[in-house]
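This report concerns only the one structure given below.
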Amino acid sequence: MAPGRKPKVSSRTTANQVAGKVANIAQKSPESVALPTEVQQMVLDTFRRAFHPDGGYDVKAAIQQVKGHLFLRDFAAAFAKQEYLEAYALRWSASRALGYSDIFLHGDLQEVWLGGATSNTTSHEPSTPSATTVACIGGGGGAEVAACAVAARLYSLSKVVVHAIDIADWSSCLTQLENAMSTPPQLSAYASERAKVANKPLIMLDHFEVRFSQRDILSVDEKALRDMLGGVGICTMMFTLNELFTTSISRTTRFLLALTDVMQVGSWLLVVDSPGSYSEVKLGQGQDTRTKQYPMKWLLDHTLLEAAGGENSKWKKYVSDDSRWFRLSPSLKYPIELENMRYQIHLYQRIAEVS
Ligand SMILES: C[S@@+](CC[C@H](N)C(=O)[O-])C[C@H]1O[C@@H](n2cnc3c(N)ncnc32)[C@H](O)[C@@H]1O
């Protein structure tokens with residue numbers, strides 16, 4: 001659907017009607033691949049090296065300021081300065097990177113990585129026929145990028161191209177992260193030969209590529225959306241979709257319908273967010289104004305499974321879980337407090353329309 005077309009969101013469609021469309025959610029998944037603690041520690045070390053907690057500014061103060069802006073939902077202020085971006089990446093992206101790695105290695109996502117997540121064309125030439133191409137909307141903070149590097153490493157993928165798309169300017173943070181991911185940590189001059197041989201980076205750059213576009217995803221036109229998402233195998237929205245719905249339910253619905261039009265058959269859409277997220281819309285006018293709350297999951301299912309195609313749904317839902325946990329191992333070492341992650345997860349595959 002063209003971004004200009006008005007999406008149909010009917011509050012009359014009940015959760016049950018939508019649930020009826022959720023066909024064949026995978027009952028049995030392959031075994032999850034374990035996320036070894038040493039790889040988790042490598043990821044944390046990578047964030048520490050990329051964003052220097054002991055660098056030239058007061059990291060703890062910056063984290064507190066970012067926390068304050070996030071609490072007030074003032075995202076523009078939270079991501080307004082380079083030191084805020086670095087503080088965010090250190091404090092939040094590092095533990096999320098571990099949580100997302102765990103999600104990517106979970107049995108119910110293996111098909112996404114091991115079968116069919118490649119593309120024939122990518123948004124930016126030259127095309128890489130055998131690359132696994134991932135677009136991460138709201139992925140500027142680097143958590144998804146690092147998790148994709150872990151997936152590339154543990155699934156032994158020959159090439160992964162990750163395109164982070166974000167409204168804030170994360171370009172230098174992502175360059176710093178990419179450099180840290182692809183450079184082995186510095187060893188002491190007295191390190192043993194064995195330690196030197198074992199000292200490898202998280203990822204080799206000939207297997208991994210990071211791209212970044214600073215874009216308000218709710219404002220891009222259909223051509224730009226097609227350029228960014230038309231050829232990808234996987235599109236992720238991690239802790240971002242509810243923020244988009246909160247900005248505007250109608251614009252986000254329109255964006256999801258446009259995304260449905262541009263994503264290729266066989267590609268995957270992964271949405272992870274806080275459990276129980278909801279957005280409010282104002283209904284009526286003047287004295288009759290009232291608000292109605294829509295759960296994010298309902299809005300998402302309604303848009304993808306009802307509005308985008310109706311009887312001829314263009315998406316098949318594979319995974320839907322309202323609450324999962326990722327818990328950090330107490331043996332991990334990091335200079336800043338890390339957080340366990342509780343989340344809801346929804347995975348869809350774009351399917352061919354039945355004519
Ligand atoms: C809560 S943060 C989540 C960051 C990251 N995905 C994670 O899980 O750690 C939301 C991200 O979405 C981005 N964002 C918000 N609105 C956006 C929009 N309209 N277009 C693109 N990115 C947006 C923010 O800049 C921020 O990086």
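Order determines the names: the first chain of the structure tokens is A, the second B, and so forth; residues in each chain are numbered 1 upward, and ligands are numbered 1 upward as they are shown.
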
Which polymer residues have any atom within 10 Å of an atom of A:Met42, counting only C-alpha atoms, with same-chain residues fewer than 6 positions away left out, as a count of residues only? 10

Proximity check chain A to ligand 1, 7 Å, nearest pairs one decimal Å, only C-alpha atoms and all ligand atoms, as a tab-separated table:
```
residue	atom	partner	partner_atom_place_in_ligand_line	distance
A:Phe75	CA	ligand 1	25 (O)	6.8
A:Phe79	CA	ligand 1	25 (O)	6.7
A:Trp92	CA	ligand 1	9 (O)	6.2
A:Ser93	CA	ligand 1	9 (O)	4.9
A:Arg96	CA	ligand 1	9 (O)	5.8
A:Ile137	CA	ligand 1	22 (N)	6.0
A:Gly138	CA	ligand 1	12 (O)	3.4
A:Gly139	CA	ligand 1	6 (N)	4.3
A:Gly140	CA	ligand 1	27 (O)	5.3
A:Gly141	CA	ligand 1	5 (C)	5.5
A:Ala143	CA	ligand 1	9 (O)	5.4
A:Glu144	CA	ligand 1	6 (N)	6.7
A:Ile165	CA	ligand 1	21 (C)	6.0
A:Asp166	CA	ligand 1	22 (N)	3.6
A:Ile167	CA	ligand 1	21 (C)	4.0
A:Ala168	CA	ligand 1	25 (O)	4.7
A:Arg215	CA	ligand 1	21 (C)	5.6
A:Asp216	CA	ligand 1	20 (N)	3.6
A:Ile217	CA	ligand 1	20 (N)	3.9
A:Leu218	CA	ligand 1	19 (N)	5.1
A:Met237	CA	ligand 1	6 (N)	6.6
A:Met238	CA	ligand 1	6 (N)	4.4
A:Phe239	CA	ligand 1	8 (O)	4.7
A:Thr240	CA	ligand 1	10 (C)	4.5
A:Glu243	CA	ligand 1	15 (C)	6.1
A:Leu244	CA	ligand 1	16 (N)	5.7
```

Can you list, as a PDB file with all heavy atoms, in the first residue's frame, every protein, DNA or RNA residue that comes within 7 Å of A:Trp325 when you count only C-alpha atoms, leaving out same-chain residues fewer than 4 positions away?
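Just written: part-v6.pdb:
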```
ATOM      1  N   MET A 341      16.370  -8.834  30.698  1.00  0.00           N
ATOM      2  CA  MET A 341      15.419  -8.261  29.738  1.00  0.00           C
ATOM      3  C   MET A 341      14.138  -9.105  29.686  1.00  0.00           C
ATOM      4  O   MET A 341      14.200 -10.304  29.442  1.00  0.00           O
ATOM      5  CB  MET A 341      16.087  -8.241  28.361  1.00  0.00           C
ATOM      6  CG  MET A 341      15.300  -7.578  27.283  1.00  0.00           C
ATOM      7  SD  MET A 341      16.269  -7.494  25.758  1.00  0.00           S
ATOM      8  CE  MET A 341      15.785  -9.007  24.965  1.00  0.00           C
ATOM      9  N   ARG A 342      13.024  -8.476  29.935  1.00  0.00           N
ATOM     10  CA  ARG A 342      11.735  -9.154  29.749  1.00  0.00           C
ATOM     11  C   ARG A 342      11.095  -8.544  28.507  1.00  0.00           C
ATOM     12  O   ARG A 342      11.136  -7.322  28.327  1.00  0.00           O
ATOM     13  CB  ARG A 342      10.865  -8.943  30.992  1.00  0.00           C
ATOM     14  CG  ARG A 342       9.591  -9.718  30.931  1.00  0.00           C
ATOM     15  CD  ARG A 342       8.892  -9.788  32.279  1.00  0.00           C
ATOM     16  NE  ARG A 342       7.532 -10.228  32.068  1.00  0.00           N
ATOM     17  CZ  ARG A 342       6.465  -9.489  32.275  1.00  0.00           C
ATOM     18  NH1 ARG A 342       6.572  -8.283  32.778  1.00  0.00           N
ATOM     19  NH2 ARG A 342       5.268  -9.970  32.017  1.00  0.00           N
ATOM     20  N   TYR A 343      10.518  -9.385  27.684  1.00  0.00           N
ATOM     21  CA  TYR A 343      10.037  -8.855  26.404  1.00  0.00           C
ATOM     22  C   TYR A 343       8.887  -9.684  25.856  1.00  0.00           C
ATOM     23  O   TYR A 343       8.685 -10.836  26.246  1.00  0.00           O
ATOM     24  CB  TYR A 343      11.185  -8.829  25.387  1.00  0.00           C
ATOM     25  CG  TYR A 343      11.833 -10.181  25.120  1.00  0.00           C
ATOM     26  CD1 TYR A 343      11.429 -10.984  24.059  1.00  0.00           C
ATOM     27  CD2 TYR A 343      12.848 -10.664  25.954  1.00  0.00           C
ATOM     28  CE1 TYR A 343      12.026 -12.215  23.809  1.00  0.00           C
ATOM     29  CE2 TYR A 343      13.446 -11.897  25.735  1.00  0.00           C
ATOM     30  CZ  TYR A 343      13.025 -12.665  24.652  1.00  0.00           C
ATOM     31  OH  TYR A 343      13.607 -13.893  24.439  1.00  0.00           O
TER      32      TYR A 343
END
```

Best match for closeness to A:Gln264 among A:Tyr190, A:Trp170, A:Tyr334, A:Trp315, counting only C-alpha atoms: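 For A:Gln264, the nearest of the given residues is A:Trp315.
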
Which of stretch 147-340 of chain A DSSP labels strand (DSSP E), written as number ranges by chain: A: 160-166, 208-214, 234-238, 268-273, 278-283, 290-295, 315-326

So which residues touch A:Ala89 within 9 Å, counting only C-alpha atoms, skipping near sequence neighbours fewer than 4 positions away, as a PyMOL selection string? chain A and resi 47+51+84-85+93-94+141-143+173

File of the preceding selection, C-alpha atoms, as a PDB file, in the first residue's frame:
```
ATOM      1  CA  PHE A  47      30.954  -2.360  23.902  1.00  0.00           C
ATOM      2  CA  PHE A  51      32.494   3.429  24.096  1.00  0.00           C
ATOM      3  CA  TYR A  84      24.341  10.597  25.465  1.00  0.00           C
ATOM      4  CA  LEU A  85      24.431   8.176  22.536  1.00  0.00           C
ATOM      5  CA  SER A  93      22.688  -1.591  24.140  1.00  0.00           C
ATOM      6  CA  ALA A  94      25.319  -3.876  25.683  1.00  0.00           C
ATOM      7  CA  GLY A 141      22.136   1.991  19.238  1.00  0.00           C
ATOM      8  CA  GLY A 142      24.058  -1.052  18.087  1.00  0.00           C
ATOM      9  CA  ALA A 143      22.384  -3.812  20.123  1.00  0.00           C
ATOM     10  CA  CYS A 173      28.706   5.180  17.416  1.00  0.00           C
TER      11      CYS A 173
END
```

As number ranges by chain, please: the residues near A:Gly55 (cut-off 12 Å, only C-alpha atoms, same-chain neighbours under 4 positions excluded). A: 48-51, 59-60, 62, 83, 86-87, 90

Show which residues sit within 8 Å of stretch 280-296 of chain A, as a count of residues only. Count only C-alpha atoms, and ignore same-chain residues fewer than 6 positions away. 5

So that I can check the secondary structure, give me every residue of stretch 227-350 of chain A assigned helix (DSSP H, G or I) by backbone DSSP, as a count of residues only. 39

Between atom CA of A:Gln41 and atom CA of A:Ile234, what distance in Å does the model show, to one decimal?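 Between atom CA of A:Gln41 and atom CA of A:Ile234 the gap is 26.0 Å.
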
Residues near A:Cys235, cut-off 8 Å, only C-alpha atoms, skip fewer than 4 positions along chain, as a PyMOL selection string: chain A and resi 134-137+229+267-270
